[in-house]
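**Student:** Structure provided below as structure tokens; questions to follow.
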Amino acid sequence: MDTPAEPRGPLDPLRIPRFAGPSTFARLPTLDEAPRADVGVVGIPFDSGVTYRPGARFGPMAVRTASRMLRSYHPGLDVQPFTAQQVVDAGDIACNPFSIEEAIGQIQEGAAALGSSAEFLVSIGGDHTIALPLLRVIRERFGPVALIHFDAHLDTWDTYFRAAYTHGTPFRRAWEEGLLLQDRSIHLGIRGPLFSPADLVDDAGFGFDVVTSGDVLAEGIAATANRVRERVGDAPVYVSIDIDVLDPAFAPGTGTPEAGGITSRELLGILRGLRDLDLVGADVVEVSPPYDHAEITAVAASHTVFELVSLFAVNRKEAP
């Protein structure tokens, strides 16, 4: 029997400075350079579905640049995610910036194709429209999922200016298409004004529980993570993180900022509390570099991606 090749990790920052080397996520090998791929980090530079500030098409590039600061050991989870599994940078899925419907199809096709090379994907957006085609691919591989959705906004609205596919509608479409499990999904970090009380009524009808940013503050990180765990149970889980779940103090570079958000410490802490869930995919979206002073948002997003990659590694490490 052949012995599996050792995973190829990032360049050693004690030998090659972190500001040098390839411009991949965490300076990881590309998909064609690794012996196999357990987790693929893929960019989806699409932002034609935004309703306010554009720029998230440049998000994958910015998050990759900020990820040069990452190191290879996660002390909070006691795991070396690039040693416990093969993580690669799977490049970008190119899509049409002028047609939302065509782009959605291209994203779905591209993510499905990567599924033959990488067991799991962590996608970097791009705006939140990309979550819909990614969930379609996940459904084909794993069936309907429990959605853990970090965001300032519900993203279960029906249309904007009669457009059914935007960054504010993906999870309504996902529910309508049978991509989500009944009463297993949850929003975290919701805050700010809504269009009407009917927004919450509709959202409840789609089977979501809602944890506001005020709830996180009142209940704390551990209790919030436990609430999420109880909600999703043993279902396959997809985690979708809009970086605007963070307060603008921690994520100014995003398309629709809202005051009163959670901190980056709370976001990372809640994710850390989700170890051992049946995680099958994830995305981090809505980083808009033109509004990102001093790379604050990109740094937060790169650490969030690292947290997700580490959760995959913990699951692999602790699997029976």
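If you're wondering about the labels, chains in the structure tokens are A, B, ... by order shown, residues count from 1 in each chain, ligands from 1 in order shown.
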Based on DSSP run over this structure's backbone, return all residues of region 89-168 of chain A in strand (DSSP E), as an MDAnalysis selection string.
**Tutor:** chainID A and resid 89:92 120:125 146:150
**Student:** Atoms to include: N, CA and C atoms. Write the selected residues as a PDB file, in the first residue's frame.
**Tutor:**
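Below is the file that was written, selection-v4.pdb:
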ATOM      1  N   ASP A  89      -4.600  26.635  -1.855  1.00  0.00           N
ATOM      2  CA  ASP A  89      -5.297  27.761  -2.454  1.00  0.00           C
ATOM      3  C   ASP A  89      -5.771  27.296  -3.830  1.00  0.00           C
ATOM      4  N   ALA A  90      -7.088  27.232  -3.997  1.00  0.00           N
ATOM      5  CA  ALA A  90      -7.668  26.707  -5.234  1.00  0.00           C
ATOM      6  C   ALA A  90      -7.909  27.792  -6.276  1.00  0.00           C
ATOM      7  N   GLY A  91      -7.323  28.963  -6.080  1.00  0.00           N
ATOM      8  CA  GLY A  91      -7.478  30.028  -7.062  1.00  0.00           C
ATOM      9  C   GLY A  91      -8.832  30.699  -6.977  1.00  0.00           C
ATOM     10  N   ASP A  92      -9.242  31.337  -8.062  1.00  0.00           N
ATOM     11  CA  ASP A  92     -10.512  32.053  -8.123  1.00  0.00           C
ATOM     12  C   ASP A  92     -11.460  31.390  -9.114  1.00  0.00           C
ATOM     13  N   PHE A 120     -13.410  19.621   0.962  1.00  0.00           N
ATOM     14  CA  PHE A 120     -14.223  20.713   1.477  1.00  0.00           C
ATOM     15  C   PHE A 120     -13.704  22.030   0.923  1.00  0.00           C
ATOM     16  N   LEU A 121     -14.613  23.008   0.797  1.00  0.00           N
ATOM     17  CA  LEU A 121     -14.234  24.333   0.322  1.00  0.00           C
ATOM     18  C   LEU A 121     -14.519  25.382   1.386  1.00  0.00           C
ATOM     19  N   VAL A 122     -13.593  26.322   1.520  1.00  0.00           N
ATOM     20  CA  VAL A 122     -13.832  27.560   2.260  1.00  0.00           C
ATOM     21  C   VAL A 122     -13.697  28.678   1.241  1.00  0.00           C
ATOM     22  N   SER A 123     -14.793  29.360   0.973  1.00  0.00           N
ATOM     23  CA  SER A 123     -14.830  30.345  -0.107  1.00  0.00           C
ATOM     24  C   SER A 123     -14.680  31.756   0.444  1.00  0.00           C
ATOM     25  N   ILE A 124     -13.944  32.580  -0.296  1.00  0.00           N
ATOM     26  CA  ILE A 124     -13.777  33.982   0.060  1.00  0.00           C
ATOM     27  C   ILE A 124     -14.463  34.827  -1.005  1.00  0.00           C
ATOM     28  N   GLY A 125     -15.487  35.609  -0.572  1.00  0.00           N
ATOM     29  CA  GLY A 125     -16.175  36.481  -1.523  1.00  0.00           C
ATOM     30  C   GLY A 125     -15.508  37.831  -1.623  1.00  0.00           C
ATOM     31  N   ALA A 146     -27.958  22.425   7.811  1.00  0.00           N
ATOM     32  CA  ALA A 146     -28.209  23.476   8.789  1.00  0.00           C
ATOM     33  C   ALA A 146     -27.276  24.637   8.456  1.00  0.00           C
ATOM     34  N   LEU A 147     -27.827  25.832   8.414  1.00  0.00           N
ATOM     35  CA  LEU A 147     -27.037  27.016   8.089  1.00  0.00           C
ATOM     36  C   LEU A 147     -26.748  27.817   9.338  1.00  0.00           C
ATOM     37  N   ILE A 148     -25.470  28.062   9.605  1.00  0.00           N
ATOM     38  CA  ILE A 148     -25.049  28.985  10.657  1.00  0.00           C
ATOM     39  C   ILE A 148     -24.618  30.258   9.953  1.00  0.00           C
ATOM     40  N   HIS A 149     -25.407  31.306  10.105  1.00  0.00           N
ATOM     41  CA  HIS A 149     -25.259  32.523   9.316  1.00  0.00           C
ATOM     42  C   HIS A 149     -24.896  33.698  10.212  1.00  0.00           C
ATOM     43  N   PHE A 150     -23.666  34.164  10.099  1.00  0.00           N
ATOM     44  CA  PHE A 150     -23.209  35.348  10.829  1.00  0.00           C
ATOM     45  C   PHE A 150     -23.397  36.573   9.933  1.00  0.00           C
TER      46      PHE A 150
END
**Student:** Could you pull out the residues in region 246-291 of chain A that DSSP calls alpha helix (DSSP H) from the backbone, as a list in words?
**Tutor:**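 Listing alpha helix (DSSP H) positions across region 246-291 of chain A yields Ser264, Arg265, Glu266, Leu267, Leu268, Gly269, Ile270, Leu271 and Arg272 of chain A.
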**Student:** Counting only C-alpha atoms, figure out which residue out of A:Arg172, A:Arg162, A:Arg27, A:Arg36 gets nearest to Thr129 (chain A).
**Tutor:**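 The answer is A:Arg172, which sits nearest to Thr129 (chain A).
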**Student:** Which neighbours of region 274-290 of chain A fall inside 6 Å, counting only C-alpha atoms, when residues of the same chain fewer than 5 positions from it are skipped, and could you give them as a count of residues only?
**Tutor:** 24
**Student:** How far is it from CA of Asp247 (chain A) to CA of Gly220 (chain A), in Å with one decimal?
**Tutor:** 16.2 Å
**Student:** Have a look at CA of Asp47 (chain A) and CA of Gly255 (chain A) and let me know their distance in Å, one decimal.
**Tutor:**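 These two atoms are separated by 9.6 Å.
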**Student:** Find the spatial neighbours of His187 (chain A), counting only C-alpha atoms, within a cut-off of 12 Å - ignore same-chain residues fewer than 4 positions away - and output them as a ChimeraX atom specification.
**Tutor:** /A:146-156,171,183,191,200,203-204,206-213,215-216,224,227-228,231-232,239-242,245
**Student:** Keeping C-alpha atoms, export the residues of the selection given above as a compact mmCIF listing (two decimals), in the first residue's frame.
**Tutor:**
# COMPACT_ATOMS: atom_id res chain seq x y z
CA ALA A 146 -28.21 23.48 8.79
CA LEU A 147 -27.04 27.02 8.09
CA ILE A 148 -25.05 28.99 10.66
CA HIS A 149 -25.26 32.52 9.32
CA PHE A 150 -23.21 35.35 10.83
CA ASP A 151 -24.45 38.70 9.54
CA ALA A 152 -25.84 42.10 10.49
CA HIS A 153 -28.72 41.37 8.10
CA LEU A 154 -31.21 38.56 7.64
CA ASP A 155 -30.56 38.13 3.89
CA THR A 156 -33.98 36.50 3.53
CA PHE A 171 -31.21 32.43 2.01
CA ASP A 183 -35.76 24.50 12.02
CA ARG A 191 -29.04 44.20 14.25
CA LEU A 200 -39.04 38.95 10.94
CA ASP A 203 -37.74 34.90 8.34
CA ALA A 204 -39.33 32.84 11.09
CA PHE A 206 -38.20 29.98 6.75
CA GLY A 207 -37.21 28.15 9.93
CA PHE A 208 -34.50 30.46 11.27
CA ASP A 209 -33.66 31.23 14.88
CA VAL A 210 -32.25 34.74 15.45
CA VAL A 211 -29.44 35.73 17.81
CA THR A 212 -28.94 39.49 17.80
CA SER A 213 -25.65 41.22 18.53
CA ASP A 215 -27.98 38.70 22.67
CA VAL A 216 -24.31 37.85 22.15
CA THR A 224 -24.04 31.63 22.27
CA ARG A 227 -27.20 27.79 21.57
CA VAL A 228 -25.90 27.26 18.05
CA ARG A 231 -29.93 24.37 17.16
CA VAL A 232 -28.00 22.47 14.49
CA VAL A 239 -21.19 28.31 7.92
CA SER A 240 -21.70 31.58 6.05
CA ILE A 241 -20.01 34.68 7.47
CA ASP A 242 -20.72 38.17 6.24
CA VAL A 245 -21.47 40.87 11.42
**Student:** In Å, with one decimal, what is the gap from CA of Arg64 (chain A) to CA of Glu33 (chain A)?
**Tutor:** 17.6 Å
**Student:** Rank nothing, just name the residue among A:Pro29, A:Tyr165, A:Val39, A:Glu258 nearest to Glu102 (chain A), using only C-alpha atoms.
**Tutor:**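 Result for the nearest residue to Glu102 (chain A): A:Tyr165.
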**Student:** So, with only C-alpha atoms as the atoms that count, which of A:Val42, A:Leu194, A:Ala251, A:Ala222 lies closest to Ala301 (chain A)?
**Tutor:**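 Ranking A:Val42, A:Leu194, A:Ala251, A:Ala222 by distance to Ala301 (chain A), first place goes to A:Ala251.
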**Student:** With distances taken over only C-alpha atoms, which of A:Leu271, A:Leu217, A:Ile107, A:Ala112 is nearest to Phe312 (chain A)?
**Tutor:**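 Among A:Leu271, A:Leu217, A:Ile107, A:Ala112, it is A:Leu271 that comes nearest to Phe312 (chain A).
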